[in-house]
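Input: a single structure, listed below in structure tokens.
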Amino acid sequence: MWSSLISRSPDLLRLQDDGYEIEVNGGYLLVHNVPYVNARLEVRRGTLASVLPDAGGRAGPPIDHTVLFAGEFPCHANGTEIEALRHGIPCETLKPGLQARFSFSNKAERPDPDFYVKMTRYIRIISDPAKALDDTATAASFRVVTPDQPSPLQYADTASSRAGIRAMTQKLAGLKIAIVGVGGTGSYVLDYIAKTLVAAIHLIDGDRFLQHNAFRAPGAASAEMLQPQPFKVDYFAQIYARVHGNIVAHAVFLAAENLSLLDGMDFVFLCIDRGAVKKLIIDRLEERGASFVDVGMGIERDDDRASLFGILRVTASVPER
């Protein structure tokens, strides 16, 4: 229950997307790595905690204005304790190995509407003196965040929620995608698709990744990577496995005898220029009612050989059209 609260709660997601080190554990919302000043004028790090109510699978509103703190009592920049926080000395274990030493109470003029407002208010009170002594002191560390529920991505997509398009990206969840041809076009399609929630990405291409291919592909292949002349699909699967955990490599060219590789795909990107086999592929996809995009690019030199011109083609096909 607790592990999925972050992704289902806009206020918790906002804390995470703003770079705060949050954790949901045992009914508490924990904000780790909060800088503060102690009585010896040292900048230390502590953990803020608040009781976190569950409201049907997402965080409910704060039940009160108090928080718990694991660390020394925070001080002003001159070493005097911040009396505006003082409340009590609890004896509560926030999680194994983490004990709350203080309870703070700083009531706002209006009740905190959510945990983003509540926790950032306390963070400011506690951390501003630390920032006065060390301008690099911040609770927003932007540490790498792993997904809080099963995901094909190796780390959480904080970009989508920051941009406000999380609901749209969720539409891609569970889809099986195939990219036929991972050359100068298909490799860039992969570069985008690998950063989405699609369940699986199948790469189909029988070519090897050679030196000239490296100059048409995203990223930067080293000479050592090129030396063994790997199959394109194996090279790209290895590279993009760093972000997406389910990339399947098929080091083959599609032909009549292996078109079954496309069966069961929800969407296919055709990034090849061989006309004869392309018709076989398209006939198979249309027969199965699969959606696909056929893309192509042609670049030529002008007659004076001093400039280039080109044509880009994109053809979309869905079962209805």
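Naming scheme: A, B, ... for chains in displayed order of the structure tokens; residues 1 onward per chain; ligands 1 onward as shown.
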Where does DSSP see alpha helix (DSSP H) in stretch 122-251 of chain A, if you list the residues as a short mmCIF file (atom, residue, chain, number, x, y, z; two decimals) with C-alpha atoms, in the first residue's frame?
data_model
loop_
_atom_site.label_atom_id
_atom_site.label_comp_id
_atom_site.auth_asym_id
_atom_site.auth_seq_id
_atom_site.Cartn_x
_atom_site.Cartn_y
_atom_site.Cartn_z
CA TYR A 122 9.41 23.38 7.83
CA ILE A 123 12.36 22.79 5.50
CA ARG A 124 12.70 26.55 4.97
CA ILE A 125 12.61 27.28 8.71
CA ILE A 126 15.22 24.62 9.49
CA SER A 127 17.48 25.06 6.45
CA ASP A 128 17.66 28.83 5.95
CA PRO A 129 20.23 29.26 8.79
CA ALA A 130 22.33 26.47 7.26
CA LYS A 131 22.19 28.19 3.88
CA ALA A 132 23.38 31.42 5.56
CA LEU A 133 26.54 29.58 6.66
CA THR A 158 10.45 12.75 -13.02
CA ALA A 159 10.45 14.78 -16.26
CA SER A 160 6.85 13.88 -17.17
CA SER A 161 5.38 14.83 -13.82
CA ARG A 162 7.39 18.08 -13.73
CA ALA A 163 5.96 18.91 -17.17
CA ARG A 166 2.14 12.15 -16.45
CA ALA A 167 -1.43 11.13 -17.35
CA MET A 168 -0.49 11.18 -21.05
CA THR A 169 2.67 9.13 -20.61
CA GLY A 186 15.28 3.81 -36.15
CA SER A 187 18.03 4.48 -33.63
CA TYR A 188 16.55 7.93 -32.95
CA VAL A 189 13.06 6.43 -32.61
CA LEU A 190 14.56 4.11 -29.98
CA ASP A 191 16.18 7.05 -28.21
CA TYR A 192 12.72 8.50 -27.56
CA ILE A 193 10.74 5.30 -27.01
CA GLN A 211 32.24 2.78 -37.89
CA HIS A 212 30.16 4.76 -40.37
CA ASN A 213 26.99 3.86 -38.43
CA ALA A 214 28.39 5.58 -35.35
CA ALA A 223 36.41 2.94 -30.68
CA GLU A 224 36.46 -0.02 -28.28
CA MET A 225 32.71 -0.51 -28.74
CA LEU A 226 33.09 -0.52 -32.52
CA LYS A 232 23.15 -3.03 -34.26
CA VAL A 233 20.35 -4.45 -32.14
CA ASP A 234 22.79 -5.84 -29.57
CA TYR A 235 24.70 -2.57 -29.37
CA PHE A 236 21.59 -0.44 -28.90
CA ALA A 237 19.94 -2.92 -26.52
CA GLN A 238 23.01 -2.76 -24.29
CA ILE A 239 23.16 1.05 -24.38
CA TYR A 240 19.46 1.67 -23.73
#
Test item: residues at most 7 Å from stretch 252-260 of chain A, only C-alpha atoms, excluding those fewer than 5 positions along its chain, as a PDB file with C-alpha atoms, in the first residue's frame:
ATOM      1  CA  ILE A 204      14.747  -6.073 -35.410  1.00  0.00           C
ATOM      2  CA  ASP A 205      17.753  -5.584 -37.694  1.00  0.00           C
ATOM      3  CA  GLY A 206      20.348  -7.984 -39.119  1.00  0.00           C
ATOM      4  CA  VAL A 277      10.094  -6.917 -47.771  1.00  0.00           C
ATOM      5  CA  LEU A 280       5.276  -8.207 -46.885  1.00  0.00           C
ATOM      6  CA  ILE A 281       5.560  -6.536 -43.491  1.00  0.00           C
TER       7      ILE A 281
END
Report task. Could you give me the residues within stretch 8-154 of chain A that DSSP places in strand (DSSP E), as JSON, numbers by chain? Result -> {"A": [21, 22, 23, 24, 25, 28, 29, 30, 31, 32, 33, 34, 35, 36, 37, 43, 44, 45, 46, 47, 48, 49, 50, 51, 66, 67, 68, 69, 70, 86, 87, 88, 92, 93, 94, 95, 98, 99, 100, 102, 103, 104, 105]}
Query - Shell around stretch 19-22 of chain A at 12 Å using only C-alpha atoms, local window under 6 positions removed, as JSON, numbers by chain - result: {"A": [3, 5, 6, 7, 11, 12, 13, 28, 29, 30, 31, 32, 33, 34, 35, 45, 46, 47, 48, 49, 50, 115, 116, 119, 120, 123, 138, 139, 140, 141, 142, 143, 144, 145, 146, 148, 158, 159, 162]}
Restricting the output to C-alpha atoms, write the selected residues as a PDB file, in the first residue's frame.
ATOM      1  CA  SER A   3       4.994   1.873  -1.783  1.00  0.00           C
ATOM      2  CA  LEU A   5       1.424   6.395  -2.470  1.00  0.00           C
ATOM      3  CA  ILE A   6       4.065   8.669  -3.983  1.00  0.00           C
ATOM      4  CA  SER A   7       3.080   8.047  -7.595  1.00  0.00           C
ATOM      5  CA  ASP A  11       1.819  16.657  -3.431  1.00  0.00           C
ATOM      6  CA  LEU A  12       4.301  13.842  -2.762  1.00  0.00           C
ATOM      7  CA  LEU A  13       5.243  13.681  -6.437  1.00  0.00           C
ATOM      8  CA  TYR A  28       5.240   8.259   7.950  1.00  0.00           C
ATOM      9  CA  LEU A  29       6.342  10.630   5.226  1.00  0.00           C
ATOM     10  CA  LEU A  30      10.100  11.073   5.664  1.00  0.00           C
ATOM     11  CA  VAL A  31      12.163  13.866   4.120  1.00  0.00           C
ATOM     12  CA  HIS A  32      15.831  12.957   4.447  1.00  0.00           C
ATOM     13  CA  ASN A  33      18.988  15.025   4.114  1.00  0.00           C
ATOM     14  CA  VAL A  34      17.534  18.288   5.468  1.00  0.00           C
ATOM     15  CA  PRO A  35      20.412  20.660   6.380  1.00  0.00           C
ATOM     16  CA  ARG A  45      21.702  16.795   8.061  1.00  0.00           C
ATOM     17  CA  GLY A  46      18.529  15.437   9.597  1.00  0.00           C
ATOM     18  CA  THR A  47      15.214  13.826   8.698  1.00  0.00           C
ATOM     19  CA  LEU A  48      11.792  15.471   8.928  1.00  0.00           C
ATOM     20  CA  ALA A  49       8.784  13.209   9.395  1.00  0.00           C
ATOM     21  CA  SER A  50       5.026  13.579   9.404  1.00  0.00           C
ATOM     22  CA  PHE A 115       2.222  17.782   2.354  1.00  0.00           C
ATOM     23  CA  TYR A 116       4.151  19.831  -0.197  1.00  0.00           C
ATOM     24  CA  MET A 119       7.045  19.995   4.545  1.00  0.00           C
ATOM     25  CA  THR A 120       8.609  22.774   2.465  1.00  0.00           C
ATOM     26  CA  ILE A 123      12.360  22.792   5.502  1.00  0.00           C
ATOM     27  CA  THR A 138      19.940  22.475   0.357  1.00  0.00           C
ATOM     28  CA  ALA A 139      17.481  19.668   1.005  1.00  0.00           C
ATOM     29  CA  ALA A 140      16.811  19.411  -2.744  1.00  0.00           C
ATOM     30  CA  SER A 141      19.648  17.040  -3.606  1.00  0.00           C
ATOM     31  CA  PHE A 142      18.045  15.540  -6.744  1.00  0.00           C
ATOM     32  CA  ARG A 143      19.337  12.081  -5.917  1.00  0.00           C
ATOM     33  CA  VAL A 144      18.424   9.339  -8.390  1.00  0.00           C
ATOM     34  CA  VAL A 145      14.912   8.059  -7.687  1.00  0.00           C
ATOM     35  CA  THR A 146      13.874   4.502  -8.486  1.00  0.00           C
ATOM     36  CA  ASP A 148       8.036   3.230  -6.295  1.00  0.00           C
ATOM     37  CA  THR A 158      10.452  12.751 -13.021  1.00  0.00           C
ATOM     38  CA  ALA A 159      10.446  14.783 -16.262  1.00  0.00           C
ATOM     39  CA  ARG A 162       7.392  18.078 -13.734  1.00  0.00           C
TER      40      ARG A 162
END
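Proximity ranking of A:Pro147, A:Gly88, A:Gly97, A:Gly264 relative to A:Leu285 places A:Gly264 first, based on only C-alpha atoms.
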Query raised in the report: If we count only C-alpha atoms, what is near A:Glu92 at a cut-off of 8 Å, once residues fewer than 3 positions away on the same chain are taken out, given as a VMD selection string?
Result: chain A and resid 99 to 101
Go ahead and save the residues from that selection, with N, CA and C atoms, as a CSV table (one decimal), in the first residue's frame.
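In the end it all went to selection02.csv:
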chain,number,residue,atom,x,y,z
A,99,GLN,N,15.5,7.3,14.8
A,99,GLN,CA,14.8,7.7,15.9
A,99,GLN,C,14.4,9.1,15.9
A,100,ALA,N,13.2,9.5,16.1
A,100,ALA,CA,12.8,10.9,16.2
A,100,ALA,C,13.2,11.4,17.6
A,101,ARG,N,14.0,12.5,17.6
A,101,ARG,CA,14.5,13.1,18.9
A,101,ARG,C,13.6,14.3,19.3
